[in-house]
file protein-v8.tsv (TSV, C-alpha atoms)
chain	number	residue	atom	x	y	z
A	1	MET	CA	56.78	-31.36	70.76
A	2	PRO	CA	56.42	-33.36	74.02
A	3	MET	CA	53.15	-35.10	74.81
A	4	LYS	CA	50.86	-33.31	77.24
A	5	LYS	CA	50.39	-34.77	80.70
A	6	VAL	CA	46.81	-35.84	81.49
A	7	PHE	CA	45.64	-36.54	85.04
A	8	VAL	CA	42.64	-38.54	86.29
A	9	SER	CA	41.81	-39.74	89.79
A	10	GLY	CA	39.26	-42.12	91.28
A	11	CYS	CA	38.65	-45.43	93.00
A	12	PHE	CA	38.56	-47.70	89.91
A	13	ASP	CA	37.27	-50.65	91.88
A	14	LEU	CA	35.87	-53.62	89.92
A	15	LEU	CA	37.52	-52.42	86.70
A	16	HIS	CA	34.93	-52.52	83.89
A	17	SER	CA	34.32	-51.39	80.30
A	18	GLY	CA	33.02	-48.00	81.47
A	19	HIS	CA	36.35	-47.32	83.19
A	20	VAL	CA	38.28	-48.44	80.10
A	21	ALA	CA	36.18	-46.26	77.77
A	22	PHE	CA	36.83	-43.25	80.03
A	23	LEU	CA	40.58	-43.94	80.23
A	24	LYS	CA	40.76	-44.55	76.47
A	25	GLU	CA	39.16	-41.18	75.75
A	26	ALA	CA	41.27	-39.39	78.38
A	27	ALA	CA	44.45	-40.85	76.85
A	28	THR	CA	43.68	-39.18	73.52
A	29	TYR	CA	44.69	-35.88	75.14
A	30	GLY	CA	48.22	-37.01	76.13
A	31	ASN	CA	50.19	-39.29	78.47
A	32	LEU	CA	47.71	-40.51	81.06
A	33	TYR	CA	48.53	-40.46	84.78
A	34	VAL	CA	45.95	-42.30	86.93
A	35	CYS	CA	45.94	-41.64	90.67
A	36	ILE	CA	43.73	-43.87	92.81
A	37	GLY	CA	42.26	-43.55	96.28
A	38	SER	CA	43.86	-45.70	98.96
A	39	ASP	CA	41.84	-48.44	100.65
A	40	LYS	CA	41.71	-46.25	103.78
A	41	THR	CA	40.36	-43.25	101.89
A	42	VAL	CA	37.72	-45.31	100.07
A	43	PHE	CA	36.51	-46.61	103.44
A	44	GLU	CA	36.39	-43.10	104.92
A	45	LEU	CA	34.35	-41.78	101.97
A	46	LYS	CA	32.09	-44.74	101.19
A	47	GLY	CA	31.83	-46.56	104.50
A	48	ARG	CA	33.17	-49.79	102.98
A	49	TYR	CA	36.48	-51.06	101.66
A	50	PRO	CA	36.87	-51.61	97.91
A	51	ILE	CA	36.51	-55.15	96.58
A	52	ASN	CA	39.97	-54.93	95.05
A	53	THR	CA	42.85	-53.68	97.18
A	54	GLU	CA	44.86	-50.61	96.22
A	55	ALA	CA	47.72	-52.85	95.05
A	56	GLU	CA	45.38	-54.87	92.81
A	57	ARG	CA	43.76	-51.76	91.38
A	58	LYS	CA	47.15	-50.20	90.65
A	59	TYR	CA	48.38	-53.42	88.99
A	60	MET	CA	45.34	-53.69	86.69
A	61	LEU	CA	45.42	-50.04	85.69
A	62	GLU	CA	49.12	-50.17	84.87
A	63	ALA	CA	48.41	-53.18	82.63
A	64	LEU	CA	46.18	-51.06	80.38
A	65	LYS	CA	47.88	-49.66	77.29
A	66	TYR	CA	46.15	-46.31	77.79
A	67	VAL	CA	47.77	-45.70	81.20
A	68	HIS	CA	51.22	-44.12	81.30
A	69	GLU	CA	51.59	-44.31	85.09
A	70	CYS	CA	49.45	-45.14	88.13
A	71	ARG	CA	49.96	-43.89	91.70
A	72	ILE	CA	48.14	-44.39	94.99
A	73	ASN	CA	47.07	-41.05	96.48
A	74	LYS	CA	48.75	-40.16	99.77
A	75	GLY	CA	46.03	-37.77	100.94
A	76	SER	CA	42.55	-38.31	102.32
A	77	GLY	CA	39.03	-37.06	101.63
A	78	ILE	CA	37.50	-36.15	98.30
A	79	ILE	CA	40.64	-34.22	97.24
A	80	ASP	CA	43.05	-37.01	98.26
A	81	PHE	CA	45.09	-36.49	95.08
A	82	LYS	CA	46.32	-32.95	95.85
A	83	ASN	CA	49.96	-33.92	96.47
A	84	GLU	CA	50.08	-36.11	93.37
A	85	LEU	CA	48.54	-33.36	91.25
A	86	LYS	CA	51.22	-30.91	92.38
A	87	GLU	CA	54.02	-33.46	91.84
A	88	ILE	CA	52.91	-34.47	88.34
A	89	HIS	CA	51.60	-30.99	87.43
A	90	PRO	CA	49.65	-32.12	84.36
A	91	ASP	CA	48.48	-29.96	81.52
A	92	ILE	CA	44.93	-31.32	81.75
A	93	PHE	CA	42.81	-32.73	84.61
A	94	ILE	CA	39.94	-34.89	83.29
A	95	VAL	CA	36.81	-36.04	85.15
A	96	ASN	CA	33.57	-37.80	84.26
A	97	GLU	CA	30.40	-35.70	84.60
A	98	ASP	CA	29.42	-37.54	87.81
A	99	GLY	CA	32.87	-36.85	89.26
A	100	ASN	CA	32.75	-33.14	88.47
A	101	ILE	CA	32.76	-31.12	91.71
A	102	PRO	CA	33.59	-27.42	92.24
A	103	SER	CA	36.59	-28.05	94.51
A	104	LYS	CA	38.38	-29.97	91.73
A	105	LYS	CA	37.95	-27.15	89.26
A	106	GLU	CA	39.03	-24.57	91.84
A	107	LEU	CA	42.22	-26.51	92.56
A	108	CYS	CA	42.99	-26.69	88.83
A	109	ASP	CA	42.36	-22.97	88.40
A	110	GLU	CA	44.73	-22.32	91.30
A	111	LEU	CA	47.46	-24.48	89.70
A	112	ALA	CA	46.83	-23.24	86.12
A	113	ILE	CA	45.74	-26.71	84.94
A	114	GLU	CA	43.09	-27.12	82.24
A	115	TYR	CA	39.94	-28.79	83.64
A	116	LYS	CA	37.90	-30.97	81.29
A	117	VAL	CA	34.64	-32.87	81.88
A	118	LEU	CA	33.84	-35.95	79.76
A	119	HIS	CA	30.39	-37.45	79.27
A	120	ARG	CA	29.84	-41.15	79.99
A	121	ILE	CA	29.72	-42.77	76.55
A	122	PRO	CA	30.05	-46.58	76.41
A	123	GLN	CA	32.11	-48.31	73.74
A	124	ASP	CA	30.01	-49.06	70.64
A	125	GLY	CA	28.09	-52.29	71.08
A	126	LEU	CA	28.72	-52.51	74.84
A	127	PRO	CA	26.31	-51.67	77.68
A	128	ALA	CA	26.83	-48.63	79.89
A	129	ARG	CA	28.69	-49.73	83.00
A	130	SER	CA	29.42	-48.31	86.44
A	131	THR	CA	30.82	-49.87	89.61
A	132	THR	CA	27.42	-49.44	91.24
A	133	SER	CA	25.68	-51.29	88.41
A	134	LEU	CA	28.17	-54.13	88.66
A	135	ARG	CA	27.62	-54.38	92.40
A	136	THR	CA	23.86	-54.39	92.17
A	137	ILE	CA	22.64	-54.66	88.55
A	138	SER	CA	19.60	-52.96	90.05
A	139	THR	CA	16.88	-50.64	88.80
A	140	ILE	CA	15.86	-49.72	92.34
A	141	PRO	CA	15.63	-45.91	92.47
A	142	PHE	CA	17.02	-43.25	94.78
A	143	ARG	CA	14.91	-40.42	96.21
A	144	ILE	CA	15.20	-36.67	96.52
A	145	ASP	CA	13.52	-34.68	99.28
A	146	LEU	CA	12.33	-31.46	97.63
A	147	ALA	CA	11.01	-29.75	100.76
A	148	GLY	CA	10.03	-30.39	104.37
A	149	GLY	CA	12.80	-32.86	105.13
A	150	TRP	CA	13.03	-33.94	108.82
A	151	LEU	CA	9.26	-33.69	109.41
A	152	ASP	CA	9.12	-37.48	109.04
A	153	GLN	CA	10.83	-37.68	112.43
A	154	PRO	CA	8.42	-37.44	115.41
A	155	TYR	CA	10.97	-35.40	117.35
A	156	VAL	CA	10.47	-32.68	114.68
A	157	SER	CA	6.80	-33.05	113.67
A	158	LYS	CA	5.69	-33.05	117.30
A	159	TYR	CA	6.51	-29.33	117.28
A	160	HIS	CA	4.40	-28.73	114.16
A	161	HIS	CA	2.66	-31.08	111.74
A	162	GLY	CA	3.75	-30.85	108.13
A	163	ALA	CA	4.61	-32.48	104.84
A	164	VAL	CA	7.73	-33.83	103.16
A	165	LEU	CA	7.84	-33.68	99.35
A	166	THR	CA	9.75	-36.49	97.65
A	167	ILE	CA	10.46	-37.67	94.11
A	168	SER	CA	11.65	-41.13	93.14
A	169	ILE	CA	14.79	-40.96	90.97
A	170	GLU	CA	15.97	-43.48	88.37
A	171	PRO	CA	19.61	-44.65	88.89
A	172	THR	CA	20.73	-43.01	85.64
A	173	ILE	CA	24.25	-42.31	86.93
A	174	GLU	CA	26.49	-43.65	89.68
A	175	PHE	CA	25.09	-41.51	92.49
A	176	ASN	CA	27.35	-41.18	95.52
A	177	ASN	CA	26.65	-43.18	98.66
A	178	ARG	CA	26.00	-41.04	101.77
A	179	SER	CA	24.75	-38.25	99.55
A	180	GLY	CA	21.34	-37.62	101.15
A	181	MET	CA	19.43	-39.48	98.43
A	182	ALA	CA	18.43	-42.43	100.64
A	183	SER	CA	21.31	-44.60	99.40
A	184	SER	CA	21.39	-46.51	102.71
A	185	THR	CA	17.70	-47.34	102.41
A	186	ARG	CA	18.24	-48.23	98.75
A	187	ASN	CA	20.97	-50.68	99.79
A	188	LYS	CA	18.46	-52.29	102.16
A	189	ALA	CA	15.96	-52.47	99.30
A	190	ILE	CA	18.58	-54.25	97.21
A	191	GLU	CA	19.17	-56.73	100.07
A	192	LEU	CA	15.42	-57.31	100.28
A	193	TRP	CA	14.41	-57.32	96.61
A	194	LYS	CA	17.71	-57.66	94.71
A	195	VAL	CA	17.20	-55.98	91.32
A	196	SER	CA	13.79	-54.28	91.31
A	197	ILE	CA	10.85	-53.28	93.47
A	198	PRO	CA	8.22	-56.05	93.25
A	199	LYS	CA	4.66	-55.57	92.05
A	200	GLY	CA	2.05	-54.90	94.70
A	201	ASN	CA	0.55	-52.24	96.93
A	202	GLU	CA	3.16	-49.49	96.94
A	203	GLU	CA	2.51	-48.19	100.46
A	204	GLN	CA	2.63	-51.71	101.90
A	205	LEU	CA	5.91	-52.38	100.09
A	206	ALA	CA	7.31	-49.13	101.52
A	207	LYS	CA	6.22	-50.23	105.02
A	208	LEU	CA	7.99	-53.55	104.51
A	209	LEU	CA	11.19	-51.75	103.51
A	210	PHE	CA	10.84	-49.33	106.45
A	211	CYS	CA	10.48	-52.21	108.94
A	212	TYR	CA	13.35	-54.12	107.33
A	213	GLU	CA	15.65	-51.12	107.76
A	214	ASN	CA	14.43	-50.40	111.30
A	215	PRO	CA	14.12	-53.72	113.16
A	216	PRO	CA	13.04	-53.80	116.84
A	217	GLY	CA	15.62	-52.10	119.04
A	218	THR	CA	16.77	-49.58	116.41
A	219	LYS	CA	17.98	-46.46	118.26
A	220	GLU	CA	18.11	-43.97	115.38
A	221	VAL	CA	15.15	-44.72	113.12
A	222	ALA	CA	15.65	-44.00	109.42
A	223	GLY	CA	12.79	-41.73	108.36
A	224	SER	CA	9.94	-43.25	106.38
A	225	GLN	CA	10.34	-40.58	103.68
A	226	ASP	CA	13.31	-42.68	102.53
A	227	SER	CA	11.39	-45.91	101.99
A	228	LEU	CA	8.32	-44.09	100.65
A	229	GLY	CA	10.45	-41.84	98.44
A	230	ILE	CA	12.11	-44.88	96.87
A	231	VAL	CA	9.02	-47.06	96.44
A	232	LEU	CA	6.37	-44.50	95.45
A	233	PRO	CA	6.83	-43.31	91.83
A	234	GLY	CA	6.36	-39.71	90.75
A	235	LEU	CA	6.00	-36.77	93.15
A	236	ASN	CA	4.59	-37.43	96.63
A	237	LYS	CA	3.43	-35.26	99.52
A	238	LEU	CA	3.81	-37.16	102.81
A	239	PHE	CA	1.96	-35.51	105.72
A	240	TYR	CA	3.35	-36.25	109.21
A	241	GLN	CA	1.62	-35.75	112.57
A	242	ASN	CA	4.10	-36.69	115.30
A	243	ASN	CA	4.51	-40.22	113.95
A	244	HIS	CA	7.05	-42.21	111.95
A	245	TRP	CA	4.49	-42.96	109.23
A	246	PRO	CA	2.50	-40.28	107.37
A	247	SER	CA	-1.20	-39.89	108.11
A	248	LYS	CA	-1.87	-38.84	104.52
A	249	ILE	CA	-0.16	-39.27	101.15
A	250	GLU	CA	-0.92	-37.23	98.01
A	251	SER	CA	0.69	-38.26	94.72
A	252	VAL	CA	1.23	-36.56	91.36
A	253	HIS	CA	1.67	-38.63	88.20
A	254	ASP	CA	0.75	-35.94	85.69
A	255	GLU	CA	3.35	-36.20	82.93
A	256	LYS	CA	3.34	-32.45	82.29
A	257	ILE	CA	4.23	-31.68	85.93
A	258	LEU	CA	6.84	-34.43	86.26
A	259	SER	CA	8.54	-33.34	83.04
A	260	TRP	CA	8.47	-29.72	84.26
A	261	ILE	CA	10.30	-30.73	87.46
A	262	GLU	CA	12.91	-32.64	85.43
A	263	GLU	CA	13.49	-29.61	83.22
A	264	HIS	CA	14.05	-27.29	86.18
A	265	LEU	CA	16.15	-29.35	88.63
A	266	PHE	CA	19.93	-29.53	88.28
A	267	LEU	CA	22.35	-31.46	90.51
A	268	LEU	CA	25.85	-30.24	91.29
A	269	PRO	CA	28.07	-33.01	92.76
A	270	LEU	CA	29.78	-32.10	96.03
A	271	GLY	CA	31.17	-35.51	96.97
A	272	PRO	CA	30.01	-37.96	99.66
A	273	ARG	CA	29.82	-37.18	103.38
A	274	GLU	CA	32.74	-38.20	105.56
A	275	SER	CA	32.18	-41.47	107.46
A	276	ASP	CA	32.25	-39.74	110.89
A	277	TYR	CA	29.76	-37.05	109.86
A	278	ASN	CA	26.94	-36.42	112.37
A	279	VAL	CA	24.19	-34.08	111.21
A	280	LEU	CA	22.48	-34.14	114.63
A	281	ASP	CA	25.25	-32.16	116.33
A	282	LYS	CA	24.10	-28.70	117.51
A	283	THR	CA	20.44	-29.50	116.80
A	284	PHE	CA	17.95	-26.78	117.80
A	285	ILE	CA	14.31	-27.69	117.07
A	286	SER	CA	11.51	-25.25	117.91
A	287	ASP	CA	7.82	-24.65	117.27
A	288	GLU	CA	8.70	-21.73	115.03
A	289	GLY	CA	11.35	-23.68	113.10
A	290	ALA	CA	9.12	-26.68	112.43
A	291	ALA	CA	6.21	-24.41	111.42
A	292	THR	CA	8.45	-22.51	108.98
A	293	LEU	CA	9.62	-25.78	107.46
A	294	ALA	CA	6.05	-27.05	107.10
A	295	LEU	CA	4.90	-23.80	105.47
A	296	ALA	CA	7.79	-23.90	102.98
A	297	ALA	CA	6.82	-27.45	101.98
A	298	ASP	CA	3.22	-26.34	101.36
A	299	ASP	CA	4.42	-23.37	99.31
A	300	CYS	CA	6.72	-25.62	97.31
A	301	TRP	CA	3.87	-28.07	96.62
A	302	GLN	CA	1.62	-25.25	95.41
A	303	ALA	CA	4.35	-23.77	93.19
A	304	ILE	CA	4.91	-27.15	91.52
A	305	GLN	CA	1.17	-27.57	90.84
A	306	GLU	CA	1.17	-24.12	89.24
A	307	MET	CA	4.51	-24.85	87.49
A	308	ASN	CA	5.70	-21.45	88.72
A	309	ILE	CA	9.51	-21.46	88.62
A	310	ASP	CA	9.99	-18.29	90.69
A	311	LYS	CA	7.74	-19.47	93.54
A	312	PHE	CA	9.29	-22.94	93.36
A	313	GLY	CA	12.78	-21.49	93.77
A	314	GLU	CA	11.73	-19.26	96.68
A	315	ALA	CA	10.01	-22.10	98.55
A	316	PHE	CA	12.99	-24.38	97.84
A	317	ILE	CA	15.34	-21.93	99.57
A	318	GLN	CA	12.90	-21.34	102.42
A	319	SER	CA	12.68	-25.08	103.11
A	320	PHE	CA	16.46	-25.42	103.08
A	321	ASN	CA	16.99	-22.44	105.37
A	322	ALA	CA	14.41	-23.80	107.81
A	323	GLN	CA	16.23	-27.14	107.87
A	324	VAL	CA	19.61	-25.50	108.46
A	325	LYS	CA	18.25	-23.31	111.25
A	326	MET	CA	17.21	-26.41	113.19
A	327	PHE	CA	20.13	-28.58	112.05
A	328	PRO	CA	23.07	-26.17	111.54
A	329	ASN	CA	25.56	-29.01	111.09
A	330	MET	CA	23.97	-29.66	107.69
A	331	VAL	CA	26.37	-27.11	106.19
A	332	ASP	CA	30.05	-26.37	106.60
A	333	GLU	CA	32.27	-23.60	105.22
A	334	PHE	CA	32.86	-25.43	101.92
A	335	ILE	CA	29.12	-25.84	101.33
A	336	LYS	CA	28.47	-22.21	102.25
A	337	GLU	CA	31.16	-21.07	99.81
A	338	THR	CA	29.71	-23.29	97.07
A	339	ILE	CA	26.21	-21.91	97.65
A	340	ASP	CA	27.60	-18.34	97.48
A	341	LYS	CA	29.04	-19.12	94.04
A	342	TYR	CA	25.82	-20.53	92.62
A	343	LYS	CA	23.00	-18.70	94.40
A	344	ASN	CA	22.99	-15.84	91.90
A	345	LEU	CA	22.93	-18.27	88.96
A	346	CYS	CA	19.69	-19.99	89.95
A	347	LYS	CA	16.16	-19.49	91.25
A	348	GLY	CA	16.60	-21.77	94.26
A	349	TYR	CA	18.96	-24.17	95.99
A	350	LYS	CA	19.18	-26.79	98.74
A	351	LEU	CA	21.28	-29.78	99.66
A	352	SER	CA	20.15	-33.30	98.89
A	353	GLY	CA	18.73	-34.91	102.03
A	354	ALA	CA	20.35	-34.15	105.36
A	355	GLY	CA	23.34	-32.46	103.77
A	356	GLY	CA	26.96	-32.63	104.77
A	357	GLY	CA	27.86	-33.51	101.20
A	358	GLY	CA	26.23	-35.24	98.26
A	359	TYR	CA	24.67	-32.81	95.80
A	360	LEU	CA	23.64	-29.18	95.70
A	361	ILE	CA	20.23	-29.20	93.99
A	362	LEU	CA	19.53	-26.07	91.97
A	363	VAL	CA	16.19	-24.82	90.63
A	364	ASN	CA	16.49	-22.82	87.45
A	365	ASP	CA	14.86	-22.11	84.09
A	366	ARG	CA	17.97	-23.03	82.12
A	367	ALA	CA	20.93	-25.40	82.39
A	368	ILE	CA	23.83	-24.51	84.72
A	369	GLU	CA	27.39	-25.44	83.81
A	370	GLY	CA	28.77	-28.40	85.75
A	371	THR	CA	25.36	-29.80	86.70
A	372	PHE	CA	23.23	-32.67	85.40
A	373	LYS	CA	19.52	-33.51	85.25
A	374	ILE	CA	17.60	-36.32	86.94
A	375	LYS	CA	14.93	-38.73	85.67
A	376	ILE	CA	11.81	-39.20	87.79
A	377	ARG	CA	10.47	-42.75	88.02
A	378	ARG	CA	7.05	-42.97	86.40
A	379	ARG	CA	4.15	-45.21	87.41
A	380	ASP	CA	4.02	-46.72	83.90
A	381	GLN	CA	7.59	-47.94	84.41
A	382	LEU	CA	6.60	-50.26	87.27
call {"tool": "encode", "arguments": {"input": "protein-v8.tsv", "output": "structure tokens"}}
result
Amino acid sequence: MPMKKVFVSGCFDLLHSGHVAFLKEAATYGNLYVCIGSDKTVFELKGRYPINTEAERKYMLEALKYVHECRINKGSGIIDFKNELKEIHPDIFIVNEDGNIPSKKELCDELAIEYKVLHRIPQDGLPARSTTSLRTISTIPFRIDLAGGWLDQPYVSKYHHGAVLTISIEPTIEFNNRSGMASSTRNKAIELWKVSIPKGNEEQLAKLLFCYENPPGTKEVAGSQDSLGIVLPGLNKLFYQNNHWPSKIESVHDEKILSWIEEHLFLLPLGPRESDYNVLDKTFISDEGAATLALAADDCWQAIQEMNIDKFGEAFIQSFNAQVKMFPNMVDEFIKETIDKYKNLCKGYKLSGAGGGGYLILVNDRAIEGTFKIKIRRRDQL
């Protein structure tokens, strides 16, 4: 009986033990075909070229005993491997859990290819590795905006004062760049502090990061919810009154509440935003829109304090809809279709950050297939 064909695709830059462990496990299912993103595609998706060129990456992968064949994808975007998938027509398409996105599964269903998701498990005795960890070896967190996003910009909060709710997220997986989780600000934090946020007054450290990212002359100021969301542990309510910096900050470090959030948030990977993406196209900001956004953030904050999953989900959706009404370019047809598939499976949904890609964040009382949980950074971990 002939061996099954197994297909995987990715960047595979800075080849490391995590890659090898994944390829080793994938190869147990049959002859392994590895298709890699071109240098051009990596730049379009990540905003930077890979350290190793496509020729180098192909050479190293082909040298591994687990790899039957390696090809460079001819396409572009997150599904750059479509032509190669049709040419090879494997029996099984395998992804890691952080590379699992709906469009991949849909393509496999269309082509009658089995779709399999593997968990990241390092080789016994070796540390867990990712390309991000090799680039940074950093514990600096990401951040998620739960509600009220955009009110940290004076051109929004001048219409109505309101709060942004953020949580600081441990880098437990290789989160996508340009995913709306303040990865650009995090990269600045890594430039500034290297591997970890230093000890000291948290708000002052966040101000330092904010100023470092927005030097004099900056035309499009990165919102302070990014620097505050990264530096401040736990859950934070940042109240904005037509200024770049909040006039008031409320924080929650109650373990019961933080654990409750972790148990009810699920992230569905959508892939990174395209490099030419501009969320500010078609912007329509109004008194009514900003007020609706501010009210949704307050409702979300109250629901979390009460640990009321139904109210949390409702306020989550209200906040997202208010954002999209003012910034319609946050969503495209693919995102709308993805939301339509999941909205009846959960209590609430919104995109991470400004949208255009990244992650669909779902609120629910039980796990949802294809998603993963996050870990909130605690104060006692500082």
call {"tool": "atom_distance", "arguments": {"input": "protein-v8.tsv", "atom1": "CA of Asp380 (chain A)", "atom2": "CA of Glu255 (chain A)"}}
result
10.6 Å
call {"tool": "residues_around", "arguments": {"input": "protein-v8.tsv", "residues": "Ser157 (chain A)", "least_positions_apart": "4", "cutoff": "7 Å", "atoms": "only C-alpha atoms", "output": "list of chain:residue names"}}
result
A:Leu151, A:Asp152, A:Gln153, A:His161, A:Gly162, A:Tyr240, A:Gln241, A:Asn242, A:Ala290
call {"tool": "residues_around", "arguments": {"input": "protein-v8.tsv", "residues": "region 372-374 of chain A", "least_positions_apart": "6", "cutoff": "8 Å", "atoms": "only C-alpha atoms", "output": "count of residues only"}}
result
10
call {"tool": "closest_residue", "arguments": {"input": "protein-v8.tsv", "among": "A:Gly217, A:Gly18, A:Gly149, A:Pro198", "to": "Met330 (chain A)", "atoms": "all atoms listed in the file"}}
result
A:Gly149
call {"tool": "atom_distance", "arguments": {"input": "protein-v8.tsv", "atom1": "CA of Ser286 (chain A)", "atom2": "CA of Phe316 (chain A)"}}
result
20.1 Å
call {"tool": "atom_distance", "arguments": {"input": "protein-v8.tsv", "atom1": "CA of Glu114 (chain A)", "atom2": "CA of Leu362 (chain A)"}}
result
25.5 Å
call {"tool": "closest_residue", "arguments": {"input": "protein-v8.tsv", "among": "A:Asn100, A:Asn31, A:Ser9, A:Asn321", "to": "Asp80 (chain A)", "atoms": "all atoms listed in the file"}}
result
A:Ser9
call {"tool": "build_atoms", "arguments": {"input": "protein-v8.tsv", "residues": "region 157-174 of chain A", "atoms": "N, CA and C atoms", "output": "PDB file, in the frame of the given file"}}
result
ATOM      1  N   SER A 157       8.214 -33.329 113.969  1.00  0.00           N
ATOM      2  CA  SER A 157       6.800 -33.050 113.670  1.00  0.00           C
ATOM      3  C   SER A 157       5.933 -32.895 114.916  1.00  0.00           C
ATOM      4  N   LYS A 158       6.467 -33.296 116.081  1.00  0.00           N
ATOM      5  CA  LYS A 158       5.690 -33.050 117.300  1.00  0.00           C
ATOM      6  C   LYS A 158       5.587 -31.553 117.605  1.00  0.00           C
ATOM      7  N   TYR A 159       6.553 -30.777 117.075  1.00  0.00           N
ATOM      8  CA  TYR A 159       6.510 -29.330 117.280  1.00  0.00           C
ATOM      9  C   TYR A 159       5.511 -28.666 116.327  1.00  0.00           C
ATOM     10  N   HIS A 160       5.373 -29.250 115.117  1.00  0.00           N
ATOM     11  CA  HIS A 160       4.400 -28.730 114.160  1.00  0.00           C
ATOM     12  C   HIS A 160       4.201 -29.783 113.077  1.00  0.00           C
ATOM     13  N   HIS A 161       2.951 -30.111 112.786  1.00  0.00           N
ATOM     14  CA  HIS A 161       2.660 -31.080 111.740  1.00  0.00           C
ATOM     15  C   HIS A 161       3.020 -30.491 110.377  1.00  0.00           C
ATOM     16  N   GLY A 162       3.405 -31.359 109.448  1.00  0.00           N
ATOM     17  CA  GLY A 162       3.750 -30.850 108.130  1.00  0.00           C
ATOM     18  C   GLY A 162       4.117 -31.938 107.162  1.00  0.00           C
ATOM     19  N   ALA A 163       4.376 -31.535 105.925  1.00  0.00           N
ATOM     20  CA  ALA A 163       4.610 -32.480 104.840  1.00  0.00           C
ATOM     21  C   ALA A 163       6.067 -32.515 104.389  1.00  0.00           C
ATOM     22  N   VAL A 164       6.449 -33.661 103.863  1.00  0.00           N
ATOM     23  CA  VAL A 164       7.730 -33.830 103.160  1.00  0.00           C
ATOM     24  C   VAL A 164       7.399 -34.142 101.714  1.00  0.00           C
ATOM     25  N   LEU A 165       8.038 -33.433 100.781  1.00  0.00           N
ATOM     26  CA  LEU A 165       7.840 -33.680  99.350  1.00  0.00           C
ATOM     27  C   LEU A 165       8.996 -34.502  98.816  1.00  0.00           C
ATOM     28  N   THR A 166       8.694 -35.636  98.181  1.00  0.00           N
ATOM     29  CA  THR A 166       9.750 -36.490  97.650  1.00  0.00           C
ATOM     30  C   THR A 166       9.487 -36.837  96.188  1.00  0.00           C
ATOM     31  N   ILE A 167      10.559 -37.102  95.458  1.00  0.00           N
ATOM     32  CA  ILE A 167      10.460 -37.670  94.110  1.00  0.00           C
ATOM     33  C   ILE A 167      11.371 -38.881  94.038  1.00  0.00           C
ATOM     34  N   SER A 168      10.898 -39.896  93.347  1.00  0.00           N
ATOM     35  CA  SER A 168      11.650 -41.130  93.140  1.00  0.00           C
ATOM     36  C   SER A 168      12.508 -40.974  91.890  1.00  0.00           C
ATOM     37  N   ILE A 169      13.810 -41.276  92.018  1.00  0.00           N
ATOM     38  CA  ILE A 169      14.790 -40.960  90.970  1.00  0.00           C
ATOM     39  C   ILE A 169      15.389 -42.234  90.371  1.00  0.00           C
ATOM     40  N   GLU A 170      15.348 -42.343  89.049  1.00  0.00           N
ATOM     41  CA  GLU A 170      15.970 -43.480  88.370  1.00  0.00           C
ATOM     42  C   GLU A 170      17.492 -43.437  88.562  1.00  0.00           C
ATOM     43  N   PRO A 171      18.142 -44.611  88.719  1.00  0.00           N
ATOM     44  CA  PRO A 171      19.610 -44.650  88.890  1.00  0.00           C
ATOM     45  C   PRO A 171      20.328 -44.471  87.556  1.00  0.00           C
ATOM     46  N   THR A 172      20.177 -43.266  86.968  1.00  0.00           N
ATOM     47  CA  THR A 172      20.730 -43.010  85.640  1.00  0.00           C
ATOM     48  C   THR A 172      22.238 -42.803  85.641  1.00  0.00           C
ATOM     49  N   ILE A 173      22.800 -42.429  86.803  1.00  0.00           N
ATOM     50  CA  ILE A 173      24.250 -42.310  86.930  1.00  0.00           C
ATOM     51  C   ILE A 173      24.681 -43.008  88.211  1.00  0.00           C
ATOM     52  N   GLU A 174      25.966 -43.031  88.457  1.00  0.00           N
ATOM     53  CA  GLU A 174      26.490 -43.650  89.680  1.00  0.00           C
ATOM     54  C   GLU A 174      26.441 -42.633  90.809  1.00  0.00           C
TER      55      GLU A 174
END
